[in-house]
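Enquirer: Just dropping this structure here.
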Amino acid sequence: MSGAIVALSGWLETLAGDAEPWASYARYLPRIVDGLWLTLELIVVSGLIGLALAVPIALARVARAPALWMPAYGYIFFFRGTPLLVQIFLVYYGLSQFETLRAAGWLWDEVLSKPYWCAIIAFSLNTAAYTAELLRGAMLAVPRGEIEAAQSLGLTRADQLRRVILPRAFGIILPAYGNEVILMLKGSALASTITLLDLMGATRSVIARTYMSMEFFLLAGVLYLLIAALFIGLFRILERILNAHRHAPRRAAAPRP
Amino acid sequence: MDLHGFGHLLLAGTWVTLQLAFASLLCGLVLGLVGAAAALSPFAPLRWLALGYNTLMRGIPELLLVLVIYFGATHVIEWMTGDYIDVDPFTAGVAALSIAFGAYATEVFRSAMQEIPAGQREAALAIGLGRGDTFFRILLPQVWRIALPGLGNLFLVLLKDTALVSVIGLDDLMRQAYVAAGFTKLPFTFYLAAAGIYLALTIVSMQTIQRLERWANRGYRGARA
């Protein structure tokens, strides 16, 4: 894959000749593509972890026991009320303040001192808070009748959640979750502030070499727009599949004579 | 929490953050109103322009916008006028944040304007008000009421986005926390303190927005549009 990109980059460079900015675009193509992959990786990995974390947080948030909903409320409030940049710095720079963590061996050497994992941790915790809030709203919006139907079928509380409430809630939040993923894409550019060479970081490193700031910022902007378009398209398809009941053929609903 | 004598630095940073947020809010509201007017204009190219502005700003990271304006504006000004003018971080920050705010505010204002019954405008025209008077005296006061919840959310986003301007060296709350963390080698303490201040600002903003909403709805008890 990367061999092909390097070859493509060399071929494009001969094609572009002296015509700037195309020659520089071609020369730095491998770096930009690497950055693009890292950006996508950050979004997909932290998106999935965030989604997995969001479910228990949302369940705790709608619980009646104060010991459950109050911590969940505090968590959501903290992560939605402070800038993502503060959260990233808290994880990446902040944790080094604690002697015990630095002495934790593998956990420190391989995870908490690496910018990649710090970015993943911060993004996951952040998106989990926003997604949990979306899920909470959706769980309360599941029609009462569907829960009553599940109860009258004798489903246990856990089965109601697993088979009725959560699947419905995921369908309800889908459009809003698409927005959240786009916001996460834009937030992922902050990974460049902790030395990661994501799309934004790669762009800045190329600009530091070429001094062609406008040209490469423009390229990065176009690429971010393309990724956003890709995700929007993906969520359209996902919504067709998950909310199939909304797209059922009209004819089926016509009244019989 | 012991701040080792850096507390006043954080407060000074908070003041810069607030100035940045409110300057961007004002410019962003103007941009949003202009954008909404363009989006609802009968002249198609204006509508395309508004749509393009909106789509572009939704897909581009705010950090990229901040950097483009800070590093790019000097080039653009030099290219257009031939003068070398240094753009300071505050101006660049206000420009970037208000452009981002304006794009989302365009949508909020557009849907609010569309929600006002056509009869209101017709009534205003019928009693002989001009286009300007109709807009400023009849439509805009009602638009505020409908747009307020959306704008409130956008302001909370804007408040947090101000932290991005620290990347280009503006001495806002985030940057002061960074400086203090570097000096004292207590990063967790200072970023947590900064987070606490941002949370406090968020709480105050939320309550102010709620009060504004109650005030804007004072004539509509129980009949929220």
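Every chain in the structure tokens takes a letter, A first, then B, and so on in the order presented; its residues are numbered from 1, and the ligands are numbered from 1 following the presented order.
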Considering only alpha helix (DSSP H) as DSSP defines it on the backbone, what residues of segment 86-219 of chain A qualify? List them as number ranges by chain.
Expert: A: 86-92, 99-102, 106, 115-141, 144-152, 157-159, 166-187, 199-210, 213-219
Enquirer: Compute the set of chain A residues within 6 Å of chain B, using only C-alpha atoms, and express it as a ChimeraX atom specification.
Expert: /A:81-83,90,93-94,97,186,214,221,224-225,228
Enquirer: Which residues are near Ala12 of chain B? Cut-off 9 Å, only C-alpha atoms, ignore same chain within fewer than 6 positions. Put them as a list in words.
Expert: Asp171, Asp172, Leu173 and Gln176 of chain B
Enquirer: With C-alpha atoms retained, could you export that selection as a short mmCIF file (atom, residue, chain, number, x, y, z; two decimals), in the first residue's frame?
Expert:
data_model
loop_
_atom_site.label_atom_id
_atom_site.label_comp_id
_atom_site.auth_asym_id
_atom_site.auth_seq_id
_atom_site.Cartn_x
_atom_site.Cartn_y
_atom_site.Cartn_z
CA ASP B 171 -2.63 34.50 26.25
CA ASP B 172 -6.06 33.13 27.02
CA LEU B 173 -7.01 30.84 29.91
CA GLN B 176 -1.87 30.60 30.84
#
Enquirer: So how many Å separate atom CA of Leu51 of chain B and atom CA of Tyr104 of chain B, to one decimal?
Expert: 11.2 Å
Enquirer: Mind running segment 211-255 of chain A against segment 9-26 of chain A at 10 Å and telling me each contacting residue's nearest atom pair with the distance in Å (one decimal), counting only C-alpha atoms, chain and number ascending, as a tab-separated table?
Expert:
residue	atom	partner	partner_atom	distance
A:Met212	CA	A:Pro21	CA	8.1
A:Glu215	CA	A:Pro21	CA	6.7
A:Phe216	CA	A:Tyr25	CA	7.8
A:Leu219	CA	A:Tyr25	CA	8.5
Enquirer: Quick one: residues within 10 Å of Val181 of chain A, only C-alpha atoms counted, chain neighbours fewer than 4 positions away excluded, as a ChimeraX atom specification?
Expert: /A:43-44,47,127,131,176-177,185-187,228,231-232,235
Enquirer: In terms of the shortest atom-to-atom distance over only C-alpha atoms, which of B:Ser111, B:Asp133, B:Val165, B:Ala126 is closest to Gly13 of chain B?
Expert: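 Answer, going by the shortest atom-to-atom distance: B:Val165.
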Enquirer: List the neighbours of segment 106-109 of chain B out to 7 Å using only C-alpha atoms; skip same-chain residues closer than 6 positions along the sequence, and give me the result as a tab-separated table (two decimals) with C-alpha atoms, in the first residue's frame.
Expert:
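Output file result-v3.tsv follows:
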chain	number	residue	atom	x	y	z
B	32	GLY	CA	-25.26	34.62	10.86
B	33	LEU	CA	-27.92	37.24	10.09
B	35	GLY	CA	-25.92	34.43	5.98
B	36	ALA	CA	-29.59	33.78	6.77
B	147	ALA	CA	-33.49	31.43	17.68
B	150	GLY	CA	-30.11	27.34	19.22
Enquirer: What's the separation between atom CA of Phe90 of chain B and atom CA of Leu20 of chain B, in Å to one decimal place?
Expert: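 Computed distance, atom CA of Phe90 of chain B to atom CA of Leu20 of chain B, equals 7.1 Å.
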Enquirer: I'd like the neighbourhood of Leu8 of chain A as a ChimeraX atom specification, where a residue qualifies if any of its atoms comes within 10 Å (using only C-alpha atoms), though same-chain residues fewer than 6 positions away should be ignored.
Expert: /A:2,26-27,29-30
Enquirer: Since we have the selection now, will you write its residues out, keeping C-alpha atoms, as a compact mmCIF listing (two decimals), in the first residue's frame?
Expert:
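Written output follows (out-v2.txt):
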# COMPACT_ATOMS: atom_id res chain seq x y z
CA SER A 2 2.65 2.50 1.07
CA ALA A 26 3.05 15.15 -5.27
CA ARG A 27 6.30 15.12 -3.29
CA LEU A 29 1.70 12.86 -0.90
CA PRO A 30 2.95 9.89 1.21
Enquirer: Tell me which protein, DNA and RNA residues are within 12 Å of segment 67-71 of chain A, counting only C-alpha atoms, leaving out same-chain ones fewer than 3 positions away, and put them as a PyMOL selection string.
Expert: chain A and resi 56-64+74-78+129+132+136
Enquirer: Could you jot down the atom CA of Met206 of chain B to atom CA of Arg80 of chain A separation for me, Å, one decimal place?
Expert: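 If I compute the distance from atom CA of Met206 of chain B to atom CA of Arg80 of chain A, I get 12.5 Å.
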